[in-house]
Amino acid sequence: MQTNRTHLNPIVGDKITFLKTARETGGRSSLLQLELAPLAQGTPPHYHERFTETFTVQEGELIVRCSDEIKKLGPGQSFTVPINTKHCFFNTKETPVKALIELNPGSEGFENGLKIAYGLARDGQCSAKGLPKRLDYLALLFDMSEGRMPGLLSLMMPIFRMVARKARAKGVEKELIEKYC
């Protein structure tokens with residue numbers, strides 16, 4: 001099912017549904033429902049500088065790695081990742097996971113980044129791992145979604161920011177938002 005609120009990623013098999021957007025809450029929060037496919041790799045390690053991310057499992061078991069600690073969350077269990085804390089999440093089971101993700105404060109950029117990433121995946125514009133094939137798209141998505149890479153990969157962030165600035169100046173971000181958001 002593809003609506004303006006529900007977005008499918010055919011490469012990784014995930015589905016995201018926007019329940020409350022940052023715009024709808026006056027910027028206070030964003031609330032999404034994530035459906036991870038069985039054995040889904042989820043996200044690579046990253047962190048956010050401006051918002052916390054709370055995971056509340058509805059069905060299945062979600063693994064959240066936060067710093068060097070692993071949290072196994074079952075139905076009804078929640079965990080909040082603090083600002084500037086390295087984390088990732090994934091599904092190690094043969095059954096899907098449904099979880100709510102709440103950002104505080106909300107982030108329209110994060111929401112748009114997901115919509116664009118899933119749209120690019122649907123349109124064959126991503127690698128087998130779900131990353132945009134074009135560097136300018138990848139840089140824009142990192143910048144828009146306020147995702148930051150830890151460790152040695154953090155050295156790439158100034159380059160990504162520069163590439164994102166150039167892409168914005170060329171109107172690439174506007175085109176992606178118009179097409180996928």
# chains A, B, ... in the order shown; residues from 1 in each chain; ligands from 1
$ residues_around --residues "A:Leu141" --least-positions-apart "5" --cutoff "10 Å" --atoms "only C-alpha atoms" --output "list in words"
Gly109, Phe110, Asn112, Gly113, Leu114, Lys115, Ile116, Ala117, Leu131, Pro132, Leu135, Asp136, Glu146, Gly147, Phe160, Ala164 and Glu173 of chain A
$ select_by_dssp --residues "stretch 86-140 of chain A" --states "strand (DSSP E)" --output "JSON, numbers by chain"
{"A": [87, 88, 89, 90, 97, 98, 99, 100, 101, 102, 103, 104]}
$ residues_around --residues "stretch 93-98 of chain A" --least-positions-apart "3" --cutoff "12 Å" --atoms "only C-alpha atoms" --output "PyMOL selection string"
chain A and resi 13-17+32-42+55-63+72-77+89-90+101
$ write_last_selection --atoms "N, CA and C atoms" --output "CSV table (one decimal), in the first residue's frame"
chain,number,residue,atom,x,y,z
A,13,GLY,N,12.4,-4.1,2.3
A,13,GLY,CA,11.2,-4.7,2.7
A,13,GLY,C,10.5,-4.0,3.9
A,14,ASP,N,10.9,-2.8,4.2
A,14,ASP,CA,10.3,-2.1,5.3
A,14,ASP,C,9.1,-1.2,4.8
A,15,LYS,N,8.3,-0.9,5.8
A,15,LYS,CA,7.2,0.0,5.5
A,15,LYS,C,7.1,1.0,6.7
A,16,ILE,N,6.9,2.3,6.4
A,16,ILE,CA,6.8,3.4,7.4
A,16,ILE,C,5.5,4.1,7.1
A,17,THR,N,4.8,4.3,8.2
A,17,THR,CA,3.6,5.1,8.2
A,17,THR,C,3.7,6.3,9.1
A,32,LEU,N,5.9,7.9,14.0
A,32,LEU,CA,5.9,7.0,12.8
A,32,LEU,C,5.7,5.5,13.3
A,33,GLN,N,5.1,4.7,12.5
A,33,GLN,CA,5.0,3.3,12.7
A,33,GLN,C,5.9,2.7,11.7
A,34,LEU,N,6.9,1.9,12.2
A,34,LEU,CA,7.8,1.2,11.4
A,34,LEU,C,7.5,-0.3,11.3
A,35,GLU,N,7.5,-0.9,10.2
A,35,GLU,CA,7.3,-2.3,10.0
A,35,GLU,C,8.6,-2.9,9.4
A,36,LEU,N,9.4,-3.6,10.2
A,36,LEU,CA,10.7,-4.2,9.7
A,36,LEU,C,10.4,-5.6,9.2
A,37,ALA,N,10.9,-5.9,8.1
A,37,ALA,CA,10.8,-7.3,7.6
A,37,ALA,C,11.6,-8.3,8.4
A,38,PRO,N,11.2,-9.5,8.3
A,38,PRO,CA,12.0,-10.5,9.0
A,38,PRO,C,13.5,-10.4,8.6
A,39,LEU,N,14.4,-10.6,9.6
A,39,LEU,CA,15.8,-10.5,9.5
A,39,LEU,C,16.3,-9.2,8.9
A,40,ALA,N,15.6,-8.1,9.0
A,40,ALA,CA,16.0,-6.8,8.4
A,40,ALA,C,17.2,-6.3,9.1
A,41,GLN,N,18.1,-5.8,8.3
A,41,GLN,CA,19.3,-5.2,8.9
A,41,GLN,C,19.1,-3.8,9.5
A,42,GLY,N,18.0,-3.2,9.2
A,42,GLY,CA,17.7,-1.9,9.8
A,42,GLY,C,18.6,-0.8,9.4
A,55,PHE,N,11.7,4.2,20.7
A,55,PHE,CA,11.2,3.1,20.0
A,55,PHE,C,10.2,2.4,21.0
A,56,THR,N,9.0,2.1,20.5
A,56,THR,CA,8.0,1.3,21.3
A,56,THR,C,7.5,0.2,20.5
A,57,VAL,N,7.9,-1.0,20.9
A,57,VAL,CA,7.5,-2.2,20.1
A,57,VAL,C,6.0,-2.6,20.2
A,58,GLN,N,5.4,-2.8,19.1
A,58,GLN,CA,4.0,-3.2,19.1
A,58,GLN,C,3.9,-4.7,18.9
A,59,GLU,N,4.7,-5.3,18.0
A,59,GLU,CA,4.7,-6.7,17.6
A,59,GLU,C,6.1,-7.1,17.3
A,60,GLY,N,6.5,-8.3,17.7
A,60,GLY,CA,7.8,-8.9,17.4
A,60,GLY,C,8.9,-8.4,18.4
A,61,GLU,N,10.1,-8.5,18.0
A,61,GLU,CA,11.2,-8.1,18.9
A,61,GLU,C,12.2,-7.2,18.1
A,62,LEU,N,12.4,-6.0,18.6
A,62,LEU,CA,13.3,-5.1,17.9
A,62,LEU,C,14.6,-5.0,18.8
A,63,ILE,N,15.7,-5.1,18.1
A,63,ILE,CA,17.0,-5.0,18.7
A,63,ILE,C,17.5,-3.5,18.5
A,72,LYS,N,17.0,-5.6,23.8
A,72,LYS,CA,16.0,-6.4,23.1
A,72,LYS,C,14.6,-6.0,23.6
A,73,LEU,N,13.9,-5.4,22.7
A,73,LEU,CA,12.5,-4.8,23.1
A,73,LEU,C,11.4,-5.7,22.5
A,74,GLY,N,10.5,-6.1,23.4
A,74,GLY,CA,9.3,-6.9,23.0
A,74,GLY,C,8.1,-6.0,23.1
A,75,PRO,N,6.9,-6.6,22.7
A,75,PRO,CA,5.7,-5.8,22.7
A,75,PRO,C,5.5,-5.0,24.0
A,76,GLY,N,5.2,-3.7,23.9
A,76,GLY,CA,4.9,-2.9,25.0
A,76,GLY,C,6.2,-2.2,25.6
A,77,GLN,N,7.3,-2.7,25.2
A,77,GLN,CA,8.6,-2.1,25.8
A,77,GLN,C,9.1,-0.9,24.9
A,89,PHE,N,19.3,-0.1,14.7
A,89,PHE,CA,18.3,-1.0,15.1
A,89,PHE,C,18.1,-2.1,14.0
A,90,PHE,N,17.6,-3.3,14.4
A,90,PHE,CA,17.5,-4.3,13.4
A,90,PHE,C,16.6,-5.4,14.0
A,101,ILE,N,8.0,4.9,16.4
A,101,ILE,CA,9.2,5.7,16.6
A,101,ILE,C,8.7,7.1,16.8
$ closest_residue --among "A:Met144, A:Cys66, A:Leu153, A:Val163" --to "A:Glu108" --atoms "only C-alpha atoms"
A:Met144
$ residues_around --residues "A:Pro45" --least-positions-apart "2" --cutoff "10 Å" --atoms "only C-alpha atoms" --output "ChimeraX atom specification"
/A:42-43,47,65-67,85-89,147-151
$ write_last_selection --atoms "C-alpha atoms" --output "mmCIF file, in the first residue's frame"
data_model
loop_
_atom_site.group_PDB
_atom_site.id
_atom_site.type_symbol
_atom_site.label_atom_id
_atom_site.label_comp_id
_atom_site.auth_asym_id
_atom_site.auth_seq_id
_atom_site.Cartn_x
_atom_site.Cartn_y
_atom_site.Cartn_z
ATOM 1 C CA GLY A 42 17.657 -1.882 9.820
ATOM 2 C CA THR A 43 19.933 1.119 9.967
ATOM 3 C CA TYR A 47 23.245 9.626 15.771
ATOM 4 C CA ARG A 65 22.102 -1.054 19.833
ATOM 5 C CA CYS A 66 22.746 2.152 21.755
ATOM 6 C CA SER A 67 26.413 3.058 22.215
ATOM 7 C CA THR A 85 24.086 8.940 21.040
ATOM 8 C CA LYS A 86 25.260 6.389 18.482
ATOM 9 C CA HIS A 87 22.585 3.800 17.739
ATOM 10 C CA CYS A 88 21.145 1.422 15.182
ATOM 11 C CA PHE A 89 18.268 -1.049 15.113
ATOM 12 C CA GLY A 147 21.641 11.753 10.548
ATOM 13 C CA ARG A 148 25.297 11.842 11.523
ATOM 14 C CA MET A 149 27.889 9.103 11.160
ATOM 15 C CA PRO A 150 30.114 8.153 14.103
ATOM 16 C CA GLY A 151 33.805 7.299 14.191
#
$ residues_around --residues "A:Pro10" --least-positions-apart "5" --cutoff "9 Å" --atoms "only C-alpha atoms" --output "PDB file with C-alpha atoms, in the first residue's frame"
ATOM      1  CA  LYS A  15       7.180   0.031   5.547  1.00  0.00           C
ATOM      2  CA  TYR A 118      11.876   5.009   0.080  1.00  0.00           C
ATOM      3  CA  ALA A 121      14.326   2.711  -3.671  1.00  0.00           C
ATOM      4  CA  ARG A 122      10.985   2.182  -5.442  1.00  0.00           C
ATOM      5  CA  GLY A 130      19.163   0.687  -0.019  1.00  0.00           C
TER       6      GLY A 130
END
